[in-house]
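Student: Quick one: the structure is below, and I'll ask about it shortly.
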Amino acid sequence: MAESERRERLAAVAPERLAELDADDEADEHVLPDLPNAEEGAVVMRAAPNPNGPWHIGHARMPAVIGTYKERYDGAFICRFDDTDPETKRPDLDAYDAILEDIEYLGFEPDRVIRASDRLETYYDHARELIDRGGAYTCDLPAAEFSELKNAGEPSPNRNTDPDTVREEFEAMVDGEYDAGGMTLRVKTDIEHPNPALRDWVAFRMIDTPHPRETAADYRCWPMLDFQSGIDDHLTGVTHIIRGIDLQDSAKRQRFVYDYFDWEYPEVLHWGHVQLDEYDVDLSTSTIKALIDAGELAGWDDPHAPTIRSVRRRGIRGAALVDSMTELGMSTSDVDLAMSSVYANNRDRVDDDANRYFLVRDREDDPAVELPVVDDASAPDAGHPPRHPDHPDRGDRTIPAGRVVVESSDLPPAGERVWLKGFGCVRHDGDALAFLDADINVVREGDVNVVHWVPVDESLRTLLRTVEGNVRGYAEPAVAAVDVDTVVQFERVGFVRLDTFDAAATDEPDGPDGDEDLVAYYAHP
RNA sequence: GCUCUGGUAGUGUAGUCCGGCCAAUCAUAUUGCCUUCUCGAGGCAAUGACCGGGGUUCAAAUCCCCGCCGGAGCACCA
C-alpha cells in the first residue's frame with residue numbers, strides 16, 4: 001500500500017490516530033531538543049561575543065541554535081557584545097560590525113544589539129546596591145595572595161570591612177583612583193565552598209589601558225564577565241542561556257549575586273567545544289589573526305582560513321552552515337564537525353540553481369593538453385551540453401570545437417576513444433582527436449569515458465582557489481557571461497563561486513598574477 | 001589536589017527521565033551498482049555503534065555498583 005493510500009485509509013478509520021502521527025512527524029523534524037520551561041512567545045536568548053575579530057566557523061553555532069529556537073518559540077535574539085576587557089581581550093573596533101555581518105549571512109537578525117561598554121553606569125549602580133545588601137567588599141590583596149588564602153579556605157582580611165568604607169573605596173575605584181591591580185570588588189560568596197572556583201570571586205577590577213571605543217575610553221573600573229553578564233541577562237530578560245562548558249561554573253557564581261538581589265536565575269544549557277576536520281588551522285580568532293599578520297593567510301576570507309567569511313566567499317550558504325550546526329545538537333561533550341556535512345547540506349541547497357560548465361585544470365601532476373579535433377567534414381563545429389541536466393528549459397551552452405584542451409588523465413591511450421561531453425566521440429590519434437560519428441551507445445557499452453573539455457580559443461584563464469591551494473585551468477567561454485557571485489558547477493570538478501573576472505595581481509605566492517580572466521573559489525564536490 | 005561534567009557506527013545524532021515494540025533512528029562517510037553524455041554530481045543498495053566488568057530483572061543502551069577513558073573550572077580573560 002502506498003503512503004498516500006495508507007493515509008486515506010487511516011483517515012477514514014481513525015482520524016485521531018492520523019493527527020497523532022502527524023504530530024510525531026513534526027516532532028521528528030525538530031533537530032534540537034525542546035528548551036526546558038520554554039513558553040511560546042516568551043523565550044529570550046542572547047549571543048554574547050567578545051568582539052575581537054570576525055567569526056570562525058565554530059561561532060556559527062550560537063546564532064544557528066538561538067535563531068532556530070527563536071523561530072520555534074517566537075522568541076527574541078539579543079546580540080550582546082561583552083567587551084569589558086580593554087587590555088588582554090582588547091576589542092577590535094571593526095569586529096562589532098564584522099560579527100553582525102556574519103550573523104546576517106547566517107540568515108538571522110538580532111532583535112536587539114547592545115554593548116557592555118555602553119553600560120558601565122548600570123553595572124556600577126548594581127555594585128552599589130550589592131554593597132548595600134552586604135554582598136560585596138573591596139579587597140586590595142594581590143591576586144596571588146588571595147588565591148593562596150582562597151585555596152586554603154581562608155577569608156581575605158578585607159572581608160569584613162565596614163560597609164561605609166567599602167562604599168567609599170568602590171567610589172574611588174569608579175573614579176579611577178587606583179592603578180591596575182590596586183583594588184578589586186569581590187562578591188561575598190562562601191569562602192569555604194567545596195568548589196574553590198566559587199569562593200569570593202572578583203566582580204570589578206582596575207585597568208589602566210583605555211577602552212578602544214571612544215565613549216568608554218575614560219572608564220578605569222571594569223566589571224568581570226560573571227558580574228556584567230549576570231546583571232545584563234537579568235536586565236534584558238534573558239530566559240535561556242546557552243554557553244560553553246568552559247563557563248559551567250558561571251551560573252553557580254552568578255547565583256550568589258542573584259540571591260542577593262532576589263532574582264530568579266534563567267535556565268542554562270552548556271555545550272562542548274566544536275572541532276573541525278579538513279582544516280589545519282585552529283578554530284581560534286587569535287591564531288587566525290596571527291596567521292594573517294604573518295602573511296600565511298591572505299585575509300579572513302582566505303580559503304584556508306576556518307572562518308565564516310571564508311566559507312561565504314567559497315559560495316557556501318549560511319543556511320547550510322546553520323543546518324550542520326543544529327545537527328550537532330546540544331551535547332555537553334566536545335564534538336567534531338565534519339566539513340563534509342556542511343558540504344552535503346550546501347549541495348542540497350545549491351545543486352538545483354547551479355548551472356553546469358566545464359573547467360579543464362592544468363596541474364603539475366596532471367597538465368592540460370592541447371589537441372586539434374580533425375574530421376571528415378561530418379563533425380559539428382561546436383558542442384552543446386545543457387546548462388543543467390534537470391532543467392532542459394535553461395537551454396544549452398555553445399562550446400566551439402577546433403583545437404581543444406583536456407586534462408591529461410582524461411586523454412585515452414593512442415588509438416582509444418573518448419567522448420567529449422556535449423560534443424561527440426573522438427579517437428586519440430597521437431597528435432589529434434579524430435571525430436567519429438558514433439552513437440552515444442558506445443558510452444553505454446562501457447568502454448568510452450565521458451570527459452569535459454574546453455576550446456583553446458576564447459576559454460577563460462582561470463585561477464581556482466581551494467582549501468588545498470590554488471589550481472589553474474581554463475573555463476569554457478560561456479562562463480564569461482555569468483555574473484560574479486554566482487555558484488556554478490564545474491562538471492567533474494565541483495561547485496564553485498565565481499569571484500571576479502578582472503583580478504589584480506597580488507604578491508601572494510602562486511596567487512593571482514593579473515593575467516587571469518577569472519578567479520573562482522572552490523566550495524566542494 | 002578540590003569541584004563540575006560526559007562516554008551510542010569513521011563523524012554527528014535519536015532512543016536513556018518512565019526497562020520490553022531497540023539485533024538500535026536519521027544524516028554524513030566509505031564501498032558497490034545504475035544513468036541515450038558529470039565514474040568527484042544525481043539515483044539505488046550495502047557496510048558500520050550501545051566504554052569495560054559485575055548486579056537487579058522473565059527482560060537492560062536504558063536502573064544500581066565498581067572500574068576505565070575523556071572534557072571543563074579553581075584568572076584582577078572572555
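Every chain in the C-alpha cells takes a letter, A first, then B, and so on in the order presented; its residues are numbered from 1, and the ligands are numbered from 1 following the presented order.
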Which chain A residues have any atom within 7 Å of an atom of chain B, and for each, what is the nearest pair of atoms with distance in Å to one decimal, counting only C-alpha atoms (C1' of nucleotides), rows sorted by chain and number, as JSON lines?

Tutor:
{"residue": "A:Asn50", "atom": "CA", "partner": "B:A78", "partner_atom": "C1'", "distance": 6.3}
{"residue": "A:Thr88", "atom": "CA", "partner": "B:C77", "partner_atom": "C1'", "distance": 6.4}
{"residue": "A:Lys89", "atom": "CA", "partner": "B:C77", "partner_atom": "C1'", "distance": 6.4}
{"residue": "A:Ala143", "atom": "CA", "partner": "B:C76", "partner_atom": "C1'", "distance": 6.5}
{"residue": "A:Gly181", "atom": "CA", "partner": "B:C76", "partner_atom": "C1'", "distance": 5.8}
{"residue": "A:Thr184", "atom": "CA", "partner": "B:C76", "partner_atom": "C1'", "distance": 6.7}
{"residue": "A:Pro194", "atom": "CA", "partner": "B:U3", "partner_atom": "C1'", "distance": 6.7}
{"residue": "A:Asn195", "atom": "CA", "partner": "B:U3", "partner_atom": "C1'", "distance": 4.3}
{"residue": "A:Pro196", "atom": "CA", "partner": "B:C74", "partner_atom": "C1'", "distance": 5.2}
{"residue": "A:Ala197", "atom": "CA", "partner": "B:C74", "partner_atom": "C1'", "distance": 4.1}
{"residue": "A:Arg205", "atom": "CA", "partner": "B:C76", "partner_atom": "C1'", "distance": 5.2}
{"residue": "A:Leu225", "atom": "CA", "partner": "B:A78", "partner_atom": "C1'", "distance": 6.8}
{"residue": "A:Ile245", "atom": "CA", "partner": "B:A72", "partner_atom": "C1'", "distance": 5.8}
{"residue": "A:Asp246", "atom": "CA", "partner": "B:A72", "partner_atom": "C1'", "distance": 5.3}
{"residue": "A:Asp249", "atom": "CA", "partner": "B:G73", "partner_atom": "C1'", "distance": 6.4}
{"residue": "A:Glu327", "atom": "CA", "partner": "B:G12", "partner_atom": "C1'", "distance": 6.9}
{"residue": "A:Leu328", "atom": "CA", "partner": "B:G12", "partner_atom": "C1'", "distance": 5.7}
{"residue": "A:Thr332", "atom": "CA", "partner": "B:G6", "partner_atom": "C1'", "distance": 6.7}
{"residue": "A:Ser333", "atom": "CA", "partner": "B:G6", "partner_atom": "C1'", "distance": 5.6}
{"residue": "A:Asp334", "atom": "CA", "partner": "B:G71", "partner_atom": "C1'", "distance": 6.9}
{"residue": "A:Asp336", "atom": "CA", "partner": "B:U11", "partner_atom": "C1'", "distance": 6.9}
{"residue": "A:Leu337", "atom": "CA", "partner": "B:G12", "partner_atom": "C1'", "distance": 7.0}
{"residue": "A:Ala338", "atom": "CA", "partner": "B:U11", "partner_atom": "C1'", "distance": 6.1}
{"residue": "A:Ser340", "atom": "CA", "partner": "B:U28", "partner_atom": "C1'", "distance": 6.9}
{"residue": "A:Ser341", "atom": "CA", "partner": "B:U28", "partner_atom": "C1'", "distance": 5.4}
{"residue": "A:Lys421", "atom": "CA", "partner": "B:C37", "partner_atom": "C1'", "distance": 5.5}
{"residue": "A:Gly422", "atom": "CA", "partner": "B:C37", "partner_atom": "C1'", "distance": 6.4}
{"residue": "A:Ile440", "atom": "CA", "partner": "B:U36", "partner_atom": "C1'", "distance": 5.7}
{"residue": "A:Asn441", "atom": "CA", "partner": "B:U36", "partner_atom": "C1'", "distance": 6.7}
{"residue": "A:Val450", "atom": "CA", "partner": "B:C37", "partner_atom": "C1'", "distance": 6.4}
{"residue": "A:Glu491", "atom": "CA", "partner": "B:U38", "partner_atom": "C1'", "distance": 5.2}
{"residue": "A:Arg492", "atom": "CA", "partner": "B:U38", "partner_atom": "C1'", "distance": 5.2}
{"residue": "A:Val493", "atom": "CA", "partner": "B:G40", "partner_atom": "C1'", "distance": 6.1}
{"residue": "A:Gly494", "atom": "CA", "partner": "B:G40", "partner_atom": "C1'", "distance": 6.8}
{"residue": "A:Pro525", "atom": "CA", "partner": "B:G40", "partner_atom": "C1'", "distance": 5.5}

Student: So that I have them on file, write out the residues from the current selection with N, CA, C and O atoms, as a compact mmCIF listing (two decimals), in the first residue's frame.

Tutor:
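Contents of result24.txt, as written:
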# COMPACT_ATOMS: atom_id res chain seq x y z
N ASN A 50 32.71 38.21 22.22
CA ASN A 50 33.75 39.19 22.51
C ASN A 50 34.21 39.70 21.15
O ASN A 50 34.67 38.93 20.32
N THR A 88 43.63 42.65 27.95
CA THR A 88 44.04 41.32 27.47
C THR A 88 43.13 40.77 26.39
O THR A 88 43.56 39.98 25.55
N LYS A 89 41.85 41.12 26.42
CA LYS A 89 40.96 40.70 25.32
C LYS A 89 40.45 41.94 24.63
O LYS A 89 39.25 42.14 24.46
N ALA A 143 46.50 39.38 43.65
CA ALA A 143 45.81 38.18 43.18
C ALA A 143 46.42 36.90 43.76
O ALA A 143 45.70 36.00 44.20
N GLY A 181 45.41 46.52 39.26
CA GLY A 181 45.85 45.60 40.31
C GLY A 181 45.75 46.16 41.71
O GLY A 181 45.93 45.44 42.69
N THR A 184 40.13 45.63 44.06
CA THR A 184 39.04 44.90 43.41
C THR A 184 37.79 44.98 44.28
O THR A 184 37.88 45.30 45.46
N PRO A 194 32.94 24.06 48.86
CA PRO A 194 33.74 22.92 48.40
C PRO A 194 34.39 23.17 47.05
O PRO A 194 35.50 22.69 46.78
N ASN A 195 33.73 23.91 46.19
CA ASN A 195 34.31 24.20 44.88
C ASN A 195 35.10 25.51 44.97
O ASN A 195 34.53 26.59 45.07
N PRO A 196 36.43 25.41 44.92
CA PRO A 196 37.26 26.61 45.09
C PRO A 196 36.97 27.69 44.04
O PRO A 196 37.25 28.87 44.26
N ALA A 197 36.41 27.27 42.90
CA ALA A 197 36.16 28.24 41.83
C ALA A 197 35.08 29.24 42.22
O ALA A 197 34.94 30.28 41.57
N ARG A 205 37.55 45.18 38.63
CA ARG A 205 38.98 45.40 38.80
C ARG A 205 39.39 46.64 38.04
O ARG A 205 38.63 47.17 37.22
N LEU A 225 33.44 39.39 33.59
CA LEU A 225 32.36 38.77 32.80
C LEU A 225 31.21 38.27 33.67
O LEU A 225 30.05 38.52 33.36
N ILE A 245 31.06 24.75 27.94
CA ILE A 245 31.38 24.12 29.21
C ILE A 245 32.48 24.86 29.96
O ILE A 245 32.62 24.70 31.16
N ASP A 246 33.26 25.68 29.25
CA ASP A 246 34.29 26.44 29.96
C ASP A 246 33.64 27.41 30.95
O ASP A 246 34.29 27.86 31.88
N ASP A 249 30.90 27.00 35.50
CA ASP A 249 30.81 27.48 36.88
C ASP A 249 30.19 28.87 36.96
O ASP A 249 29.87 29.36 38.05
N GLU A 327 22.44 20.32 13.61
CA GLU A 327 22.53 18.86 13.64
C GLU A 327 23.49 18.38 14.73
O GLU A 327 23.44 17.23 15.15
N LEU A 328 24.38 19.26 15.18
CA LEU A 328 25.31 18.87 16.24
C LEU A 328 24.60 18.69 17.58
O LEU A 328 25.15 18.08 18.49
N THR A 332 26.90 18.00 25.86
CA THR A 332 27.91 18.70 26.65
C THR A 332 29.32 18.19 26.35
O THR A 332 30.29 18.74 26.85
N SER A 333 29.42 17.13 25.57
CA SER A 333 30.77 16.68 25.25
C SER A 333 31.26 17.40 23.99
O SER A 333 30.49 17.95 23.23
N ASP A 334 32.55 17.39 23.80
CA ASP A 334 33.13 18.03 22.63
C ASP A 334 32.70 17.29 21.37
O ASP A 334 32.56 16.07 21.40
N ASP A 336 33.12 16.87 16.97
CA ASP A 336 33.85 17.14 15.73
C ASP A 336 32.84 17.38 14.63
O ASP A 336 32.02 16.51 14.35
N LEU A 337 32.90 18.54 14.03
CA LEU A 337 32.03 18.80 12.89
C LEU A 337 32.78 18.41 11.63
O LEU A 337 33.86 18.92 11.35
N ALA A 338 32.20 17.47 10.86
CA ALA A 338 32.80 17.08 9.60
C ALA A 338 32.40 18.11 8.55
O ALA A 338 31.21 18.36 8.35
N SER A 340 32.38 17.71 5.58
CA SER A 340 31.59 17.04 4.55
C SER A 340 30.10 17.18 4.82
O SER A 340 29.29 17.15 3.90
N SER A 341 29.74 17.33 6.09
CA SER A 341 28.33 17.50 6.39
C SER A 341 27.86 18.90 5.96
O SER A 341 26.76 19.05 5.44
N LYS A 421 32.13 15.42 -23.77
CA LYS A 421 30.76 15.63 -23.30
C LYS A 421 30.08 16.78 -24.05
O LYS A 421 30.63 17.87 -24.18
N GLY A 422 28.90 16.49 -24.59
CA GLY A 422 28.14 17.51 -25.29
C GLY A 422 28.58 17.72 -26.73
O GLY A 422 28.02 18.54 -27.44
N ILE A 440 25.79 7.46 -28.97
CA ILE A 440 26.05 7.51 -27.53
C ILE A 440 26.11 6.11 -26.92
O ILE A 440 26.64 5.91 -25.84
N ASN A 441 25.62 5.12 -27.67
CA ASN A 441 25.67 3.75 -27.16
C ASN A 441 27.07 3.27 -26.85
O ASN A 441 27.26 2.40 -26.01
N VAL A 450 33.26 9.59 -20.64
CA VAL A 450 32.77 10.92 -20.97
C VAL A 450 33.63 11.91 -20.20
O VAL A 450 33.76 11.81 -18.99
N GLU A 491 31.67 20.74 -14.09
CA GLU A 491 31.37 19.32 -14.12
C GLU A 491 32.62 18.47 -13.90
O GLU A 491 33.68 18.73 -14.44
N ARG A 492 32.46 17.48 -13.08
CA ARG A 492 33.51 16.54 -12.68
C ARG A 492 34.60 17.22 -11.84
O ARG A 492 35.61 16.62 -11.54
N VAL A 493 34.38 18.46 -11.46
CA VAL A 493 35.34 19.15 -10.60
C VAL A 493 34.67 19.50 -9.28
O VAL A 493 35.14 19.12 -8.21
N GLY A 494 33.56 20.20 -9.38
CA GLY A 494 32.85 20.55 -8.16
C GLY A 494 32.16 21.89 -8.26
O GLY A 494 32.20 22.55 -9.29
N PRO A 525 32.90 19.20 -3.68
CA PRO A 525 32.50 18.35 -4.81
C PRO A 525 30.99 18.43 -5.04
O PRO A 525 30.26 18.66 -4.09

Student: Neighbours of U31 of chain B within 12 Å (only C-alpha atoms (C1' of nucleotides); same-chain residues fewer than 5 positions away dropped), as number ranges by chain?

Tutor: B: 45-48

Student: Compare A:Leu518, A:Ala319, A:Ala505, A:Val257 by their minimum atom-to-atom distance to Val482 of chain A, counting only C-alpha atoms, and give me the closest one.

Tutor: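 When distances to Val482 of chain A are compared using only C-alpha atoms, the smallest one comes from A:Leu518.
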
Student: Residues near segment 292-309 of chain A, anyone? I mean within 8 Å using only C-alpha atoms (C1' of nucleotides), not counting same-chain ones fewer than 6 positions away, as an NGL selection string.

Tutor: :A and (54-57 or 60 or 102 or 279 or 281-283 or 465-469 or 508 or 521)

Student: Next, the residues of the selection above should be written as a CSV table (one decimal), in the first residue's frame with N, CA, C and O atoms.

Tutor:
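In the end it all went to selection_0.csv:
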chain,number,residue,atom,x,y,z
A,54,PRO,N,36.5,38.9,13.2
A,54,PRO,CA,35.4,38.2,12.5
A,54,PRO,C,35.3,36.8,13.1
A,54,PRO,O,36.2,36.3,13.7
A,55,TRP,N,34.2,36.2,12.9
A,55,TRP,CA,33.9,34.9,13.5
A,55,TRP,C,34.6,33.7,12.7
A,55,TRP,O,34.7,33.7,11.5
A,56,HIS,N,35.0,32.7,13.5
A,56,HIS,CA,35.4,31.5,12.9
A,56,HIS,C,34.2,30.6,12.8
A,56,HIS,O,33.1,30.9,13.3
A,57,ILE,N,34.3,29.5,12.1
A,57,ILE,CA,33.2,28.6,11.8
A,57,ILE,C,32.4,28.2,13.0
A,57,ILE,O,31.2,28.1,13.1
A,60,ALA,N,29.5,30.0,14.5
A,60,ALA,CA,28.1,30.0,13.8
A,60,ALA,C,27.1,29.2,14.7
A,60,ALA,O,25.9,29.3,14.5
A,102,ASP,N,28.4,38.7,9.9
A,102,ASP,CA,28.4,37.2,9.9
A,102,ASP,C,27.1,36.7,10.3
A,102,ASP,O,26.6,35.7,9.7
A,279,TYR,N,40.6,21.3,8.2
A,279,TYR,CA,41.5,22.4,8.3
A,279,TYR,C,42.7,22.1,9.2
A,279,TYR,O,42.5,21.4,10.2
A,281,VAL,N,44.2,24.7,10.5
A,281,VAL,CA,44.3,25.9,11.3
A,281,VAL,C,43.3,25.8,12.5
A,281,VAL,O,42.2,25.3,12.3
A,282,ASP,N,43.8,26.2,13.7
A,282,ASP,CA,43.0,26.1,14.9
A,282,ASP,C,41.7,27.0,14.8
A,282,ASP,O,41.8,28.0,14.2
A,283,LEU,N,40.7,26.5,15.4
A,283,LEU,CA,39.5,27.4,15.5
A,283,LEU,C,39.7,28.4,16.6
A,283,LEU,O,39.1,28.2,17.7
A,465,ARG,N,40.7,28.8,-6.4
A,465,ARG,CA,41.3,28.8,-5.1
A,465,ARG,C,40.5,27.8,-4.2
A,465,ARG,O,39.3,27.8,-4.1
A,466,THR,N,41.3,26.9,-3.7
A,466,THR,CA,40.7,25.8,-2.9
A,466,THR,C,41.4,25.7,-1.5
A,466,THR,O,42.4,26.4,-1.3
A,467,VAL,N,40.8,24.9,-0.6
A,467,VAL,CA,41.3,24.8,0.7
A,467,VAL,C,42.8,24.2,0.6
A,467,VAL,O,43.6,24.6,1.4
A,468,GLU,N,43.0,23.4,-0.4
A,468,GLU,CA,44.3,22.7,-0.5
A,468,GLU,C,45.3,23.6,-1.3
A,468,GLU,O,46.5,23.3,-1.3
A,469,GLY,N,44.9,24.7,-1.9
A,469,GLY,CA,45.8,25.5,-2.6
A,469,GLY,C,45.2,26.0,-3.9
A,469,GLY,O,44.1,25.6,-4.3
A,508,GLU,N,51.0,37.4,-3.3
A,508,GLU,CA,50.8,36.1,-2.7
A,508,GLU,C,51.5,35.1,-3.6
A,508,GLU,O,51.3,35.1,-4.8
A,521,TYR,N,36.3,30.5,-6.5
A,521,TYR,CA,36.6,29.8,-5.2
A,521,TYR,C,35.9,28.5,-5.2
A,521,TYR,O,34.7,28.4,-5.5

Student: Could you go through segment 286-384 of chain A and tell me which residues DSSP, when run on the backbone, assigns to alpha helix (DSSP H), listing them as a ChimeraX atom specification?

Tutor: /A:286-293,308-313,318-327,339-350

Student: To one decimal place in Å, what is the distance between atom CA of Tyr260 of chain A and atom CA of Leu130 of chain A?

Tutor: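 One can read the atom CA of Tyr260 of chain A to atom CA of Leu130 of chain A distance as 7.0 Å.
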
Student: Using atom CA of Leu433 of chain A and atom CA of Val471 of chain A as the two end points, give the distance in Å to one decimal.

Tutor: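 Between atom CA of Leu433 of chain A and atom CA of Val471 of chain A the gap is 25.8 Å.
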
Student: I'd like to know which of A:Ala136, A:Ala38, A:Leu464, A:Ile231 is closest to Lys188 of chain A, using only C-alpha atoms.

Tutor: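 Closest to Lys188 of chain A of all the choices is A:Ala136.
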
Student: If you measure from atom CA of Trp222 of chain A to atom CA of Tyr124 of chain A, what distance in Å do you get, rounded to one decimal?

Tutor: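 Separating atom CA of Trp222 of chain A from atom CA of Tyr124 of chain A is a distance of 9.2 Å.
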
Student: Write out as an mmCIF file with all heavy atoms, in the first residue's frame each polymer residue whose atoms come within 12 Å of Pro380 of chain A, counting only C-alpha atoms (C1' of nucleotides); drop sequence neighbours fewer than 4 positions from it.

Tutor:
data_model
loop_
_atom_site.group_PDB
_atom_site.id
_atom_site.type_symbol
_atom_site.label_atom_id
_atom_site.label_comp_id
_atom_site.auth_asym_id
_atom_site.auth_seq_id
_atom_site.Cartn_x
_atom_site.Cartn_y
_atom_site.Cartn_z
ATOM 1 N N VAL A 373 40.846 18.865 -33.097
ATOM 2 C CA VAL A 373 39.855 17.863 -33.469
ATOM 3 C C VAL A 373 39.807 17.836 -34.987
ATOM 4 O O VAL A 373 39.519 18.857 -35.618
ATOM 5 C CB VAL A 373 38.469 18.229 -32.906
ATOM 6 C CG1 VAL A 373 37.421 17.244 -33.408
ATOM 7 C CG2 VAL A 373 38.508 18.242 -31.386
ATOM 8 N N VAL A 374 40.142 16.706 -35.555
ATOM 9 C CA VAL A 374 40.120 16.611 -37.017
ATOM 10 C C VAL A 374 38.945 15.759 -37.449
ATOM 11 O O VAL A 374 38.480 14.908 -36.692
ATOM 12 C CB VAL A 374 41.433 16.009 -37.557
ATOM 13 C CG1 VAL A 374 42.602 16.934 -37.239
ATOM 14 C CG2 VAL A 374 41.665 14.622 -36.991
ATOM 15 N N ASP A 375 38.469 16.034 -38.625
ATOM 16 C CA ASP A 375 37.287 15.297 -39.033
ATOM 17 C C ASP A 375 37.200 15.233 -40.530
ATOM 18 O O ASP A 375 37.983 15.839 -41.243
ATOM 19 C CB ASP A 375 36.045 15.973 -38.479
ATOM 20 C CG ASP A 375 35.883 17.341 -39.062
ATOM 21 O OD1 ASP A 375 35.242 17.450 -40.130
ATOM 22 O OD2 ASP A 375 36.402 18.312 -38.461
ATOM 23 N N ASP A 376 36.209 14.518 -40.999
ATOM 24 C CA ASP A 376 35.996 14.393 -42.424
ATOM 25 C C ASP A 376 34.800 15.254 -42.820
ATOM 26 O O ASP A 376 33.975 14.868 -43.608
ATOM 27 C CB ASP A 376 35.737 12.925 -42.780
ATOM 28 C CG ASP A 376 34.683 12.337 -41.874
ATOM 29 O OD1 ASP A 376 34.071 13.109 -41.104
ATOM 30 O OD2 ASP A 376 34.471 11.116 -41.935
ATOM 31 N N HIS A 384 27.215 21.242 -27.490
ATOM 32 C CA HIS A 384 26.069 21.923 -26.883
ATOM 33 C C HIS A 384 25.532 21.194 -25.662
ATOM 34 O O HIS A 384 24.406 20.740 -25.664
ATOM 35 C CB HIS A 384 24.948 22.092 -27.923
ATOM 36 C CG HIS A 384 25.347 22.931 -29.081
ATOM 37 N ND1 HIS A 384 25.377 24.298 -29.028
ATOM 38 C CD2 HIS A 384 25.765 22.591 -30.336
ATOM 39 C CE1 HIS A 384 25.780 24.779 -30.192
ATOM 40 N NE2 HIS A 384 26.026 23.759 -31.008
ATOM 41 N N THR A 398 27.131 26.832 -25.772
ATOM 42 C CA THR A 398 27.789 26.578 -27.048
ATOM 43 C C THR A 398 29.292 26.588 -26.810
ATOM 44 O O THR A 398 29.838 27.580 -26.331
ATOM 45 C CB THR A 398 27.434 27.668 -28.081
ATOM 46 O OG1 THR A 398 26.038 27.568 -28.343
ATOM 47 C CG2 THR A 398 28.223 27.462 -29.371
ATOM 48 N N ILE A 399 29.922 25.449 -27.089
ATOM 49 C CA ILE A 399 31.365 25.372 -26.889
ATOM 50 C C ILE A 399 32.018 25.076 -28.229
ATOM 51 O O ILE A 399 31.923 23.957 -28.734
ATOM 52 C CB ILE A 399 31.723 24.262 -25.886
ATOM 53 C CG1 ILE A 399 30.865 24.399 -24.618
ATOM 54 C CG2 ILE A 399 33.207 24.327 -25.543
ATOM 55 C CD1 ILE A 399 31.094 23.287 -23.623
ATOM 56 N N PRO A 400 32.686 26.091 -28.819
ATOM 57 C CA PRO A 400 33.314 25.884 -30.122
ATOM 58 C C PRO A 400 34.375 24.787 -30.064
ATOM 59 O O PRO A 400 35.154 24.751 -29.104
ATOM 60 C CB PRO A 400 33.969 27.234 -30.424
ATOM 61 C CG PRO A 400 33.467 28.187 -29.390
ATOM 62 C CD PRO A 400 32.970 27.401 -28.251
ATOM 63 N N ALA A 401 34.384 23.901 -31.052
ATOM 64 C CA ALA A 401 35.411 22.852 -31.091
ATOM 65 C C ALA A 401 36.612 23.384 -31.877
ATOM 66 O O ALA A 401 36.925 24.541 -31.775
ATOM 67 C CB ALA A 401 34.834 21.588 -31.700
ATOM 68 N N GLY A 402 37.284 22.559 -32.636
ATOM 69 C CA GLY A 402 38.502 23.028 -33.315
ATOM 70 C C GLY A 402 39.684 22.518 -32.543
ATOM 71 O O GLY A 402 39.893 21.325 -32.433
ATOM 72 N N GLY A 422 28.905 16.488 -24.588
ATOM 73 C CA GLY A 422 28.137 17.510 -25.287
ATOM 74 C C GLY A 422 28.576 17.718 -26.726
ATOM 75 O O GLY A 422 28.018 18.545 -27.443
ATOM 76 N N PHE A 423 29.611 16.973 -27.137
ATOM 77 C CA PHE A 423 30.132 17.133 -28.497
ATOM 78 C C PHE A 423 30.034 15.823 -29.269
ATOM 79 O O PHE A 423 29.286 15.724 -30.232
ATOM 80 C CB PHE A 423 31.572 17.626 -28.447
ATOM 81 C CG PHE A 423 32.227 17.787 -29.782
ATOM 82 C CD1 PHE A 423 31.898 18.872 -30.596
ATOM 83 C CD2 PHE A 423 33.174 16.863 -30.245
ATOM 84 C CE1 PHE A 423 32.491 19.021 -31.842
ATOM 85 C CE2 PHE A 423 33.762 17.015 -31.499
ATOM 86 C CZ PHE A 423 33.426 18.097 -32.294
ATOM 87 N N GLY A 424 30.761 14.817 -28.820
ATOM 88 C CA GLY A 424 30.697 13.535 -29.502
ATOM 89 C C GLY A 424 31.941 12.712 -29.258
ATOM 90 O O GLY A 424 32.816 13.085 -28.487
ATOM 91 N N CYS A 425 31.999 11.595 -29.970
ATOM 92 C CA CYS A 425 33.068 10.626 -29.748
ATOM 93 C C CYS A 425 34.274 10.946 -30.638
ATOM 94 O O CYS A 425 34.127 11.276 -31.815
ATOM 95 C CB CYS A 425 32.540 9.234 -30.076
ATOM 96 S SG CYS A 425 33.667 7.927 -29.601
ATOM 97 N N PHE A 435 37.343 12.849 -35.127
ATOM 98 C CA PHE A 435 35.920 12.740 -34.850
ATOM 99 C C PHE A 435 35.360 11.461 -35.440
ATOM 100 O O PHE A 435 35.619 11.109 -36.580
ATOM 101 C CB PHE A 435 35.180 13.947 -35.438
ATOM 102 C CG PHE A 435 33.706 13.918 -35.156
ATOM 103 C CD1 PHE A 435 33.222 14.260 -33.898
ATOM 104 C CD2 PHE A 435 32.813 13.501 -36.142
ATOM 105 C CE1 PHE A 435 31.866 14.203 -33.635
ATOM 106 C CE2 PHE A 435 31.444 13.449 -35.878
ATOM 107 C CZ PHE A 435 30.972 13.789 -34.623
ATOM 108 N N LEU A 436 34.585 10.748 -34.632
ATOM 109 C CA LEU A 436 33.923 9.536 -35.101
ATOM 110 C C LEU A 436 32.438 9.794 -34.994
ATOM 111 O O LEU A 436 31.974 10.299 -33.985
ATOM 112 C CB LEU A 436 34.275 8.339 -34.225
ATOM 113 C CG LEU A 436 35.765 8.086 -34.001
ATOM 114 C CD1 LEU A 436 35.950 7.048 -32.917
ATOM 115 C CD2 LEU A 436 36.412 7.629 -35.308
ATOM 116 N N ASP A 437 31.716 9.428 -36.009
ATOM 117 C CA ASP A 437 30.290 9.706 -35.973
ATOM 118 C C ASP A 437 29.594 8.596 -35.193
ATOM 119 O O ASP A 437 28.755 7.887 -35.699
ATOM 120 C CB ASP A 437 29.751 9.797 -37.405
ATOM 121 C CG ASP A 437 28.415 10.521 -37.408
ATOM 122 O OD1 ASP A 437 28.036 11.054 -36.337
ATOM 123 O OD2 ASP A 437 27.763 10.540 -38.468
#
